[in-house]
Every structure is written in structure tokens, then in C-alpha cells.
Amino acid sequence: MTTTTTTMKKLINGVDDLVPESLAGLGAAHPDLVRIDAANKVVLRAGGPRAGKVALVSGGGSGHEPLHGGFVGRGMLDAACAGNVFTSPVPDQMEAATRAVDGGAGVLHIVKNYTGDVLNFQLAAELVSGEVEVATVVTNDDVAVQDSLYTAGRRGVGGTVLVEKIAGARAEAGGTLAEVTATAVKVNANARSMGMALTSCIVPAAGTPTFELPDDEMEIGIGIHGEPGRRREKLAPVDEIARMLVDPIVADLQLERGERVLAFVNGMGGTPLIELYVAFNAVAGLLAERGIGIARTLVGDYITSLEMAGFSVTLLRLDDELTGFWDAPVHTPALRWAV
Amino acid sequence: MTTTTTTMKKLINGVDDLVPESLAGLGAAHPDLVRIDAANKVVLRAGGPRAGKVALVSGGGSGHEPLHGGFVGRGMLDAACAGNVFTSPVPDQMEAATRAVDGGAGVLHIVKNYTGDVLNFQLAAELVSGEVEVATVVTNDDVAVQDSLYTAGRRGVGGTVLVEKIAGARAEAGGTLAEVTATAVKVNANARSMGMALTSCIVPAAGTPTFELPDDEMEIGIGIHGEPGRRREKLAPVDEIARMLVDPIVADLQLERGERVLAFVNGMGGTPLIELYVAFNAVAGLLAERGIGIARTLVGDYITSLEMAGFSVTLLRLDDELTGFWDAPVHTPALRWAV
Amino acid sequence: MIDTIEAWFRLSAERIHEQARALTVLDQAIGDGDHGINMDRGFTAIVASFAAGRPAGESERGIAGAMVRLAGRTLISTVGGAAGPLYGTALMRAGGIIASSEPATPAAEVVVSALEAAIGGVQGLGKATTGEKTMLDALRPAVTAGRTELEAGGNPKAVLEAMAEAAEAGAEATIPMLATKGRASYLGERSIGHQDPGATSAALLVRAMADVVADD
Amino acid sequence: MIDTIEAWFRLSAERIHEQARALTVLDQAIGDGDHGINMDRGFTAIVASFAAGRPAGESERGIAGAMVRLAGRTLISTVGGAAGPLYGTALMRAGGIIASSEPATPAAEVVVSALEAAIGGVQGLGKATTGEKTMLDALRPAVTAGRTELEAGGNPKAVLEAMAEAAEAGAEATIPMLATKGRASYLGERSIGHQDPGATSAALLVRAMADVVADD
Ligand SMILES: Nc1ncnc2c1ncn2[C@@H]1O[C@H](COP(=O)(O)OP(=O)(O)O)[C@@H](O)[C@H]1O
Ligand SMILES: Nc1ncnc2c1ncn2[C@@H]1O[C@H](COP(=O)(O)OP(=O)(O)O)[C@@H](O)[C@H]1O
Ligand SMILES: [Mg+2]
Ligand SMILES: [Mg+2]
Ligand SMILES: [Mg+2]
Ligand SMILES: [Mg+2]
């Protein structure tokens, strides 16, 4: 272990207050959109369950804000369960959320592919089985990890945001549980991501950075838990970094000249927007080189790793169906349009 | 001078490419909203000048993103001029922007109160005088600085975002130059801000942090240029920090029990959203204590200081007129609702 | 047996609290830096739950088993992450074995069978096998060593001591392993050279049981 | 005079480039850390503009004045911040004085008058006076010293040397001052103890002029 001298500088009261107070702040800032179940650390869409609408429940460790709580609202999630920082929530939370939002048409669990998330959602589904119809979609869009016998499978990262938006639109439009599930699966199947970090981050309860990175190095192929990536490289111009992220995505998606994508450049939390647009510019240039059309874009901090500096790229192959659901009205704390 | 060992870790190509490439990225990400005049480093609203509509032009040094370029679009700015990082743009840019957006109804310059910004906009106004009718509003909402003979006057900070939104709505609604100017003046007169920093930031061309802050200290009363604040304090729980910011604002605005405000908690660029909502929660608690109602909210990174960690609070006293213009449709890269 | 179980949970909670930082540091190297924090929260909750009194039950074994099951449920409800469901399910399965054991079956034999069931629970849920750099690499050697010592006619202390030593050796043996399950697997080759946090906490728990039995 | 002016701009550009980091470091302490970067960009642009040839003009003084005015316009168009308009306007005013000066007026006298006009431009725009910790605290002593030396009958080299020394002393004298104009004023008491970057660059420019004249 590298010893470290960095002290934790965070805008918090106690370490244990972070998640509850952040949820309370979300609720106070958006009372028209969400209601906080403080006991269960669940963010619920304001106005209670929608009769006849398939409900979407997601959740995971905290520290990825605005994911997931910032995506609760019209056209996206009905509930989000917040675990401790980088720790999957417990089944009791998902059980409470699932019961709270069920409008009789079934509930879709959207789960990022991490052992903890998968197991806790699985236990939750068992807890309500026979009472609420639950379907589960596990997102696994991270090309940095091989989906093989030698790993826990690809991680769910940026594609999760797109799954929540697009499946949410399908549910809002009256889709059945099977249909909404199929849409979520389709988005996940057509989305790939890869990320990089310039710095680590500090899990508040740990109090020290998860890893130490020399001043002239970066991590390529990170996830969203402040963990080191697949490999360490010397710092490089962003044009080169963008190529390291875009190439594996394009290859894995087998994107062809003439196809159209949604290009999503996501900040990890500590990267300023001025840099994120430089990164987007680099990504746009690489896609143009390859004759891939950018039909929709998203640039900003949407799935983060606390205060980590870095970014990820997600590409989603678009067709008319997905484009239409992407464009459909959404009104949540973090994503809003057409309403 | 403290010597420093920190190396610059930024997602850039060359230092001189940062601003042009970030603008290009903004344009590539939002071709439906903005057009980039690369030669003049001006972000223009897509679709050219609106005949008969008062046009709003703002600008300033870069490093504050999304301010100002991210606020160009329907219901807000018609043009934004981007200087180098933390350096006011030059008059030629404002001249070009002013001529490009003039729809015959006059142009309002929205200028943050810094010597450089004021002088460069003033020279620009002289360059177009007799050809384009220009009015100027200088924002100065920062209560950390006394507006006295002993300073260059209060700085323009968070209130600027609200001025741009609300005056933009008035212009979109057909207000005359005098009316739009009056609205901007009214917003500025009823808005006050104060900010704090946990860290400094690195101006790319300088390559080292603007100041060094020990691990257990923070700066209170900062502006938005990575500069030290009015005083240095020991790190404290966010509830206490929020009090240090809210008290002077409430006092200066002479907010009374029963009044209604827009509460804006702004991240300085490097603070993760999970913490920003904790800060919002603290601010909401302090306002509730004082019997001040929160009628509208804004939480996020809207006027930043590169990757600085910290936050600012802005309160705007609301009446029906300002609330109505706040709620009016806006569609820009960084702010969007009701459309 | 009830008192032994309670003493085991108390000692485990104490040691996990002491070792929380060390477990978290292990998890920072190949995971996400929360294992110690998570385990500490869970075992603190177990001990806190003792204040509510012991579960109802007809027999010593029944009550002991119910305690273990309840502790498992507490872990599931408070730990989260991968470790919560895995350790929680493990304890629930172990509790079931204890509760249904014949009074005549020697305690050491029950412990080994309970751990066998626990491992079954972990494997059923986590789909891992030994050699993948997980808690199983501490638990499986422990059960094997316990069974061997039992068959050799060892007394309870010897059985438990053999289990603890095997678990500790197993945890250490994860250092050169390439992780193929859990978060550490994302690191590929970079997971080599670090001890698995879950295997480390597992060894700690088995060691605590041995020490409680040794103190009897 | 034309050659002297060009030599002055070239030497100034060189020294500003060398001192850019130092000026920026001064600005980091009480401003926003861009003064050296900004000045370097502006003076580099001035020198680059020389490649386009000299401005048209009827007389030596006319051409020299036009060069200085053009350099001022270049600063305004390339520097930004507070320094751009202030130095730019200063040069434009100075250029006007030079262009309209009688050929018979001694060069040193023109330089002093030009600086007087420059100061008028800075004050008209920036509304500062001496003692506020700005470039004026270098420029005003320089013009006073120059006028005194002129009246005492000093030769051009002596006049310029007196001006440079006064400017340098003036810049140093900003250290204990409380800033009441510009960005440094936001710091209140914390501005005390640091030398003003603008006063420092102003002294550098006056020194460059003295050195060019001394080399003649
Ligand atoms: N599939 C699995 N089977 C058995 N144990 C596992 C599995 N996945 C992870 N683990 C164990 O869980 C430990 C990590 O626990 P913890 O850090 O609490 O959870 P998380 O990885 O969700 O943060 C690992 O060190 C490993 O021993
Ligand atoms: N009102 C003023 N009058 C004269 N000089 C000023 C005034 N305001 C600022 N200055 C000078 O400008 C210098 C700062 O220049 P610079 O850093 O380039 O601009 P900015 O402050 O916009 O970043 C200060 O050191 C000071 O000497
Ligand atoms: Mg975890
Ligand atoms: Mg500046
Ligand atoms: Mg972990
Ligand atoms: Mg400056």
C-alpha cells in the first residue's frame, strides 16, 4: 500500500450523514418531482404509484450522483435505492421501493452488473415474489472488462443512464412489463462504454484515496467506484485518450460507416465542463473519421465516481424506435426536456 | 510564494487549444442550439438574429463553464464571448457578437463587475456606438466584497446566471431594450451571493495552482477566478459553512420572515453532486429557521472556477414578475425547461 | 452452545471493528475500499440486536440456530455490497443446520457441517469456486481441515484450531491468485499480488470461533 | 525615433516573455494568475505586427506615433483583462502625443509628455489614482522623475534612467499598499505584502525604454 498524505476535504457534516443529508437535499430541491423515504433511503417519484404503468426501480451504491436518484421522475425511474458510498443497497430497500411504486403492471429492476448489486436485487426480488411481478435487466456496457469466464462480467456504467431514460419513456408510453424489459435489453445490447481517470477519489468512510496515481499518469478502463482501471498509462493529449476509449467501443459494437449513434461524454465528477467539451470535440472528430453519424448527444456529469477527475464515453446505436423514446418528455432532477 | 509540486492533470491537447476546442465541442454537441464563430470565439444562438427581439450578449474569461456559452439559446443569451481562461475577452469579440445578434431592437450587454470585463465591454460599446443601440447591465451580487471606495466594487458571480435567464425571458416575451434592462437591473438588485473553496485550481497557462491551501483549511468569500477569498478558516462541517455564506446574504438583502426566494446552490467545478445536495440541505434548513420560503431552486455547476472544489449560495428575492420569467421556457445547452 | 455462539459474534464484531481499516485498505487495492466499513456495520448491528433478547426456541440447538439465522438476516439487511448477501446467506444456511442438528451430535461436528452448508449458500448465490480469489478460498480449506481433524478424532479445540489455521493459510494463498470473481476480477492481471479482503475477513471469523472454543 | 520605438517594443516583448512566469506568480498571489500570460500574448502580437511593415505617415514623428497607436490597438485586441484596455489606451494616447509633437521638441520631452498622456488614458478608463496599488504607482513616479530631470537639464539618457529608477521604486513601493482598485482589492488586508503585477510590468516597460536609449 502506498501511504498517503491527502486529507479528506468534503462538504459534509458527519461521514454517516452524507447519504441521508444528500437525499434530504435532493428532496428539498425538487419537491415537485420526488419524495424521499428517509427510513429506507429510497427516492420515490412524487405522486405515488401510477395505476397501470410499469414501474422502474433502480439503485446502487451512492457516489454516482445524479445516478440514480436524480433520474426519478416523469419518463424515467419511479424509485431509486441509495446504498452507502460505493456499496450496493440492501434487499430491504429494494423491497420497500418495489412495493411502493407497483401500479399493478409490474416492476422492472434495472441493475448494474456488479456482484453486490446483482445479489441484493436478486434477494429483493425473492422477497416480493408472488406479490409483485418483477423483471430484471442487468446492464453491462463496459468494454474495458471482457465478458468472460475470467471476470464477474462486464460492468454496468454509462449505458445505464440511457437504459433508464429510454425504458422509462417506453413505460410512460404504456408499454407492458415485457415490452419495457425488451426495450431496456435492446438499449443495453446496443450501448458500450469505456472510461478513464486522472485522479482517484476518497470514499468518505475510508478517508484516503482508493489509489494513488503519479502526477504524470492516468488509469484507462476504470469503472465508477474509484477503483484503478485495466491499465496505467502516461498522461496523453485528450485526442489520444479519446482514441483509447472510442476504438474499443466502436469495435465491440461493430459500428459501420453510415450508422447513427447517441454520443454520451460523461464526467466522473471532478472534471470541469470546459474539459468535457474538449473531450466531446475529440470524440466527435473520431466518429466523423469513421463515418459514424452523431444523431443525439449528452455531455455532462451523469454517472460519477465522487470527485474523481476523468471521463467516460458511451455510444448507443440508434434506430427510430430508440431515438423516439430518447426524445420523449423527461422531467427529473437531472434530465429534463420536452416538458 | 509557496512552491508547489502539483502537476497539471487536464483533459486537453495544447494549453492554447483549450478554449477553441471546448467551444468547438459545445458547437458539435448542440448544433440545434448554437453556432460557433471560431475566429471571434463567440457562441451565437443558432438561426441568426431575431428581428425585433432585444438581443442579450454576455461574455467573460473562460473557466466558468457552463457560463456563458452554455446559456446561449432560446429564452436566454443570443451570444457569449469567450476570453482566455480567467481573462476577459477583448472588445473586438464583443463588437462582433453585438453586430451578429442585433435584430434592430437593441442589444443588452450583461457584464460581470470586474475591471477587465467592464473596460473591455465599454470599449466594445464605443466601437458600435451610433450603429447599434447598446445598454449595459453590470452584475455585482457578491456580498463577500464591500461595495465601497476601497474596492473595485462587488463582484458579479452567481446572480449573473439568474440575470441572464430572467432578462432573457423578458426579451423573448417581446420586452423593449429599456424593459429588458430594467428587469436585469431588478434581478441584480435582488440577488446576493457568497462562495467558498476547499481547493484552488490551476490556470492551464500558469500550470500551478493559484494558491495553496493546507489540508485542514478553506477559503471563505472567494470569487470565480481561483483566487483566494476574504479570509481563511479551519475546515468546518458544511452546516457551519452554509451559515457563513447564508447569514451575510440574508443580512445584505434584508430578507424578512415570510419572503420568498429562489435558492441557488452552485458548485465551483470540482465538487461532486452528492455534496452539493448536502450543502443545499444545509441552506434549506437555515432558510426555514428564518421563515424564508424557498419558491424556486437551482442546484448544480452553473458558474464555476475550473476544477475548484467548493460552492456558492445565491438567493434571489422573488415576486410574481420574476417568478414568471424564471418559469418561462428556456432551451440552452445548460438550462432547459418547458420546451 | 448458545453462549459460545454469542461469544463468537461478540469477539468477531470486536476484531472486525479493530481490523476494519485493514480490510478496507485491502479492498482499496483490488476493490472499492468498503469491505471493512461494510463488515463493521453488519457485525455491529448483530451485536446490537442481542439487546432485544434471544430468539424463542424449544431447545438449546434450536435457539442457537435461530440466533445464527437472525444474524444472517441482519447482515443481509445492513451490509449491502457482495459481502452482505454472501455472508448473510452463509449464516442463514449455517443456522438452519445448527437448529436441526441432533442434540447428540458433537458440537464440533455441527460446526463443520454448518460451515459446509454456509459454503453451499455462498456458492449457490455467488457461483464461485475455489481458486477465484474470494472468501471461498478461506472457507473451503477450513471445512476440509475441520472434517479431517474430526475424522482423526480430534477434540473440539483441535478441530477449530485446524480450521482457523487452514482459513488463515487459505486467505494468504489468495495473494498470488488471479481474481476471476467479484470486483477484483475487473483488474485482470493487476489483481495478482494482493490478499483478498473477503478471504481475510472469512479467516478472521473462523479464527474468532477457534479462540472462543479454546477459551472455553 | 522610429527605430528607438521599434527597439523598445522588441526589447519589452523579450523581457515580458522572460518575466511572464514571474508576473503570473505575482498575479496568483493577489489576482487571478494571468497577468504574465496576457502581457506576453499582447507584446508577442505587437512584434508580429511589425512584419506587416511600418504604418504610412508623412514624418518621422507621425510614423512613430502611428506605430505606438497601432501597438495600443493590438494590445486592446489581444490582451483582454484589465491590462489590455489600460495599456492599450495608454499607448494610443501616447502615440497621439508623439504623432502631433513638433519635430523641434526634444525626444526626451516627447517621451515624458507621451507618458503623461498615457497616464491620463489609464486614469480616464480605470478611475484609479496613485496609492491604490496599480500600474499607476510605477507610472506616475516615472513621469514626475522624468519631468524633474528634464527641467534640471538632464540629457535624454539621464531623463530615461531617472524614470526607470522611479518606476522600479514605485513598483516596489506597492508591496505594503492596501489595494483599492482591480482584483487585488477583493482581498482587502490580504493584499498587503505583495508587489502589484501591473506596477511590475509597467516598471519593466519603462526600464526597457531607458535601456534602449542608453544603448543608442
Ligand atoms: N461471487 C463471489 N463469490 C464469493 N465471494 C465473493 C464473490 N464476489 C465477491 N466476493 C467476496 O466479496 C468480497 C468483497 O466484499 P465487499 O467489498 O464488501 O463488496 P463489494 O465488492 O460489493 O464492494 C471479495 O473480497 C470476495 O471475497
Ligand atoms: N482601475 C485600475 N487602474 C489602473 N490599473 C489597474 C486597475 N485595475 C487593475 N489594474 C492593473 O491591472 C493589473 C492586473 O492585470 P491583469 O492581471 O492582466 O488583468 P485582470 O485583473 O483582469 O486579470 C493589476 O496588477 C493592476 O496594476
Ligand atoms: Mg462496494
Ligand atoms: Mg484575468
Ligand atoms: Mg468492496
Ligand atoms: Mg490577472
# chains A, B, ... in the order shown; residues from 1 in each chain; ligands from 1
>>> residues_around(residues="range 308-325 of chain B", least_positions_apart="6", cutoff="6 Å", atoms="only C-alpha atoms", output="list in words")
Gly158, Ile166, Ala169, Asn190, Ala191, Arg192, Ser193, Met194, Gly195, Met196, Ala197, Leu198, Thr199, Ser200, Cys201, Arg260, Val261, Leu262, Ala263, Phe264, Val265, Asn266, Gly267, Met268, Gly269, Gly270 and Thr271 of chain B
>>> residues_near_ligand(ligand="ligand 4", cutoff="7 Å", atoms="only C-alpha atoms and all ligand atoms", output="mmCIF file with N, CA, C and O atoms, in the first residue's frame")
data_model
loop_
_atom_site.group_PDB
_atom_site.id
_atom_site.type_symbol
_atom_site.label_atom_id
_atom_site.label_comp_id
_atom_site.auth_asym_id
_atom_site.auth_seq_id
_atom_site.Cartn_x
_atom_site.Cartn_y
_atom_site.Cartn_z
ATOM 1 N N PHE B 86 -9.970 32.883 -17.386
ATOM 2 C CA PHE B 86 -9.995 33.938 -16.364
ATOM 3 C C PHE B 86 -9.563 35.304 -16.907
ATOM 4 O O PHE B 86 -9.243 36.202 -16.127
ATOM 5 N N THR B 87 -9.554 35.456 -18.223
ATOM 6 C CA THR B 87 -9.193 36.747 -18.809
ATOM 7 C C THR B 87 -10.348 37.253 -19.647
ATOM 8 O O THR B 87 -10.787 36.569 -20.574
ATOM 9 N N SER B 88 -10.828 38.426 -19.314
ATOM 10 C CA SER B 88 -11.938 38.994 -20.065
ATOM 11 C C SER B 88 -11.644 38.952 -21.552
ATOM 12 O O SER B 88 -10.507 39.118 -21.972
ATOM 13 N N ASP D 32 -5.558 36.825 -10.370
ATOM 14 C CA ASP D 32 -6.071 35.559 -10.887
ATOM 15 C C ASP D 32 -5.043 34.804 -11.711
ATOM 16 O O ASP D 32 -5.407 33.881 -12.447
ATOM 17 N N GLY D 33 -3.791 35.191 -11.606
ATOM 18 C CA GLY D 33 -2.735 34.375 -12.208
ATOM 19 C C GLY D 33 -2.682 34.392 -13.712
ATOM 20 O O GLY D 33 -2.407 33.357 -14.333
ATOM 21 N N ASP D 34 -2.956 35.538 -14.323
ATOM 22 C CA ASP D 34 -2.867 35.577 -15.785
ATOM 23 C C ASP D 34 -2.076 36.764 -16.317
ATOM 24 O O ASP D 34 -1.898 36.880 -17.530
ATOM 25 N N HIS D 35 -1.568 37.635 -15.458
ATOM 26 C CA HIS D 35 -1.004 38.882 -15.981
ATOM 27 C C HIS D 35 0.178 38.644 -16.920
ATOM 28 O O HIS D 35 0.255 39.254 -17.996
ATOM 29 N N GLY D 81 -8.673 41.213 -20.222
ATOM 30 C CA GLY D 81 -8.456 41.523 -18.807
ATOM 31 C C GLY D 81 -8.386 43.024 -18.578
ATOM 32 O O GLY D 81 -8.752 43.822 -19.449
#
>>> closest_residue(among="B:Gly70, B:Gly226, B:Gly106, B:Gly300", to="ligand 6", atoms="only C-alpha atoms and all ligand atoms")
B:Gly226
>>> closest_atom_pairs(of="chain C", to="ligand 5", cutoff="9 Å", atoms="only C-alpha atoms and all ligand atoms", output="JSON lines")
{"residue": "C:Thr24", "atom": "CA", "partner": "ligand 5", "partner_atom_place_in_ligand_line": "1 (Mg)", "distance": 7.7}
{"residue": "C:Asp27", "atom": "CA", "partner": "ligand 5", "partner_atom_place_in_ligand_line": "1 (Mg)", "distance": 5.6}
{"residue": "C:Gln28", "atom": "CA", "partner": "ligand 5", "partner_atom_place_in_ligand_line": "1 (Mg)", "distance": 7.7}
{"residue": "C:Ile30", "atom": "CA", "partner": "ligand 5", "partner_atom_place_in_ligand_line": "1 (Mg)", "distance": 8.5}
{"residue": "C:Gly31", "atom": "CA", "partner": "ligand 5", "partner_atom_place_in_ligand_line": "1 (Mg)", "distance": 5.1}
{"residue": "C:Asp32", "atom": "CA", "partner": "ligand 5", "partner_atom_place_in_ligand_line": "1 (Mg)", "distance": 4.5}
{"residue": "C:Gly33", "atom": "CA", "partner": "ligand 5", "partner_atom_place_in_ligand_line": "1 (Mg)", "distance": 5.3}
{"residue": "C:Asp34", "atom": "CA", "partner": "ligand 5", "partner_atom_place_in_ligand_line": "1 (Mg)", "distance": 4.4}
{"residue": "C:His35", "atom": "CA", "partner": "ligand 5", "partner_atom_place_in_ligand_line": "1 (Mg)", "distance": 4.6}
{"residue": "C:Gly36", "atom": "CA", "partner": "ligand 5", "partner_atom_place_in_ligand_line": "1 (Mg)", "distance": 8.2}
{"residue": "C:Ile37", "atom": "CA", "partner": "ligand 5", "partner_atom_place_in_ligand_line": "1 (Mg)", "distance": 8.9}
{"residue": "C:Asn38", "atom": "CA", "partner": "ligand 5", "partner_atom_place_in_ligand_line": "1 (Mg)", "distance": 8.0}
{"residue": "C:Gly81", "atom": "CA", "partner": "ligand 5", "partner_atom_place_in_ligand_line": "1 (Mg)", "distance": 6.7}
{"residue": "C:Ala82", "atom": "CA", "partner": "ligand 5", "partner_atom_place_in_ligand_line": "1 (Mg)", "distance": 7.4}
{"residue": "C:Ala83", "atom": "CA", "partner": "ligand 5", "partner_atom_place_in_ligand_line": "1 (Mg)", "distance": 8.0}
{"residue": "C:Gly182", "atom": "CA", "partner": "ligand 5", "partner_atom_place_in_ligand_line": "1 (Mg)", "distance": 8.9}
{"residue": "C:Arg183", "atom": "CA", "partner": "ligand 5", "partner_atom_place_in_ligand_line": "1 (Mg)", "distance": 7.4}
{"residue": "C:Pro197", "atom": "CA", "partner": "ligand 5", "partner_atom_place_in_ligand_line": "1 (Mg)", "distance": 8.2}
{"residue": "C:Gly198", "atom": "CA", "partner": "ligand 5", "partner_atom_place_in_ligand_line": "1 (Mg)", "distance": 8.8}
>>> closest_residue(among="B:Ile249, B:Ala39, B:Val187, B:Val90", to="ligand 2", atoms="only C-alpha atoms and all ligand atoms")
B:Val90
>>> select_by_dssp(residues="range 35-219 of chain B", states="helix (DSSP H, G or I)", output="ChimeraX atom specification")
/B:69-71,91-101,115-128,159-172,177-189
>>> closest_residue(among="A:Val250, A:Leu235, A:Val299, A:Ala205", to="ligand 3", atoms="only C-alpha atoms and all ligand atoms")
A:Ala205
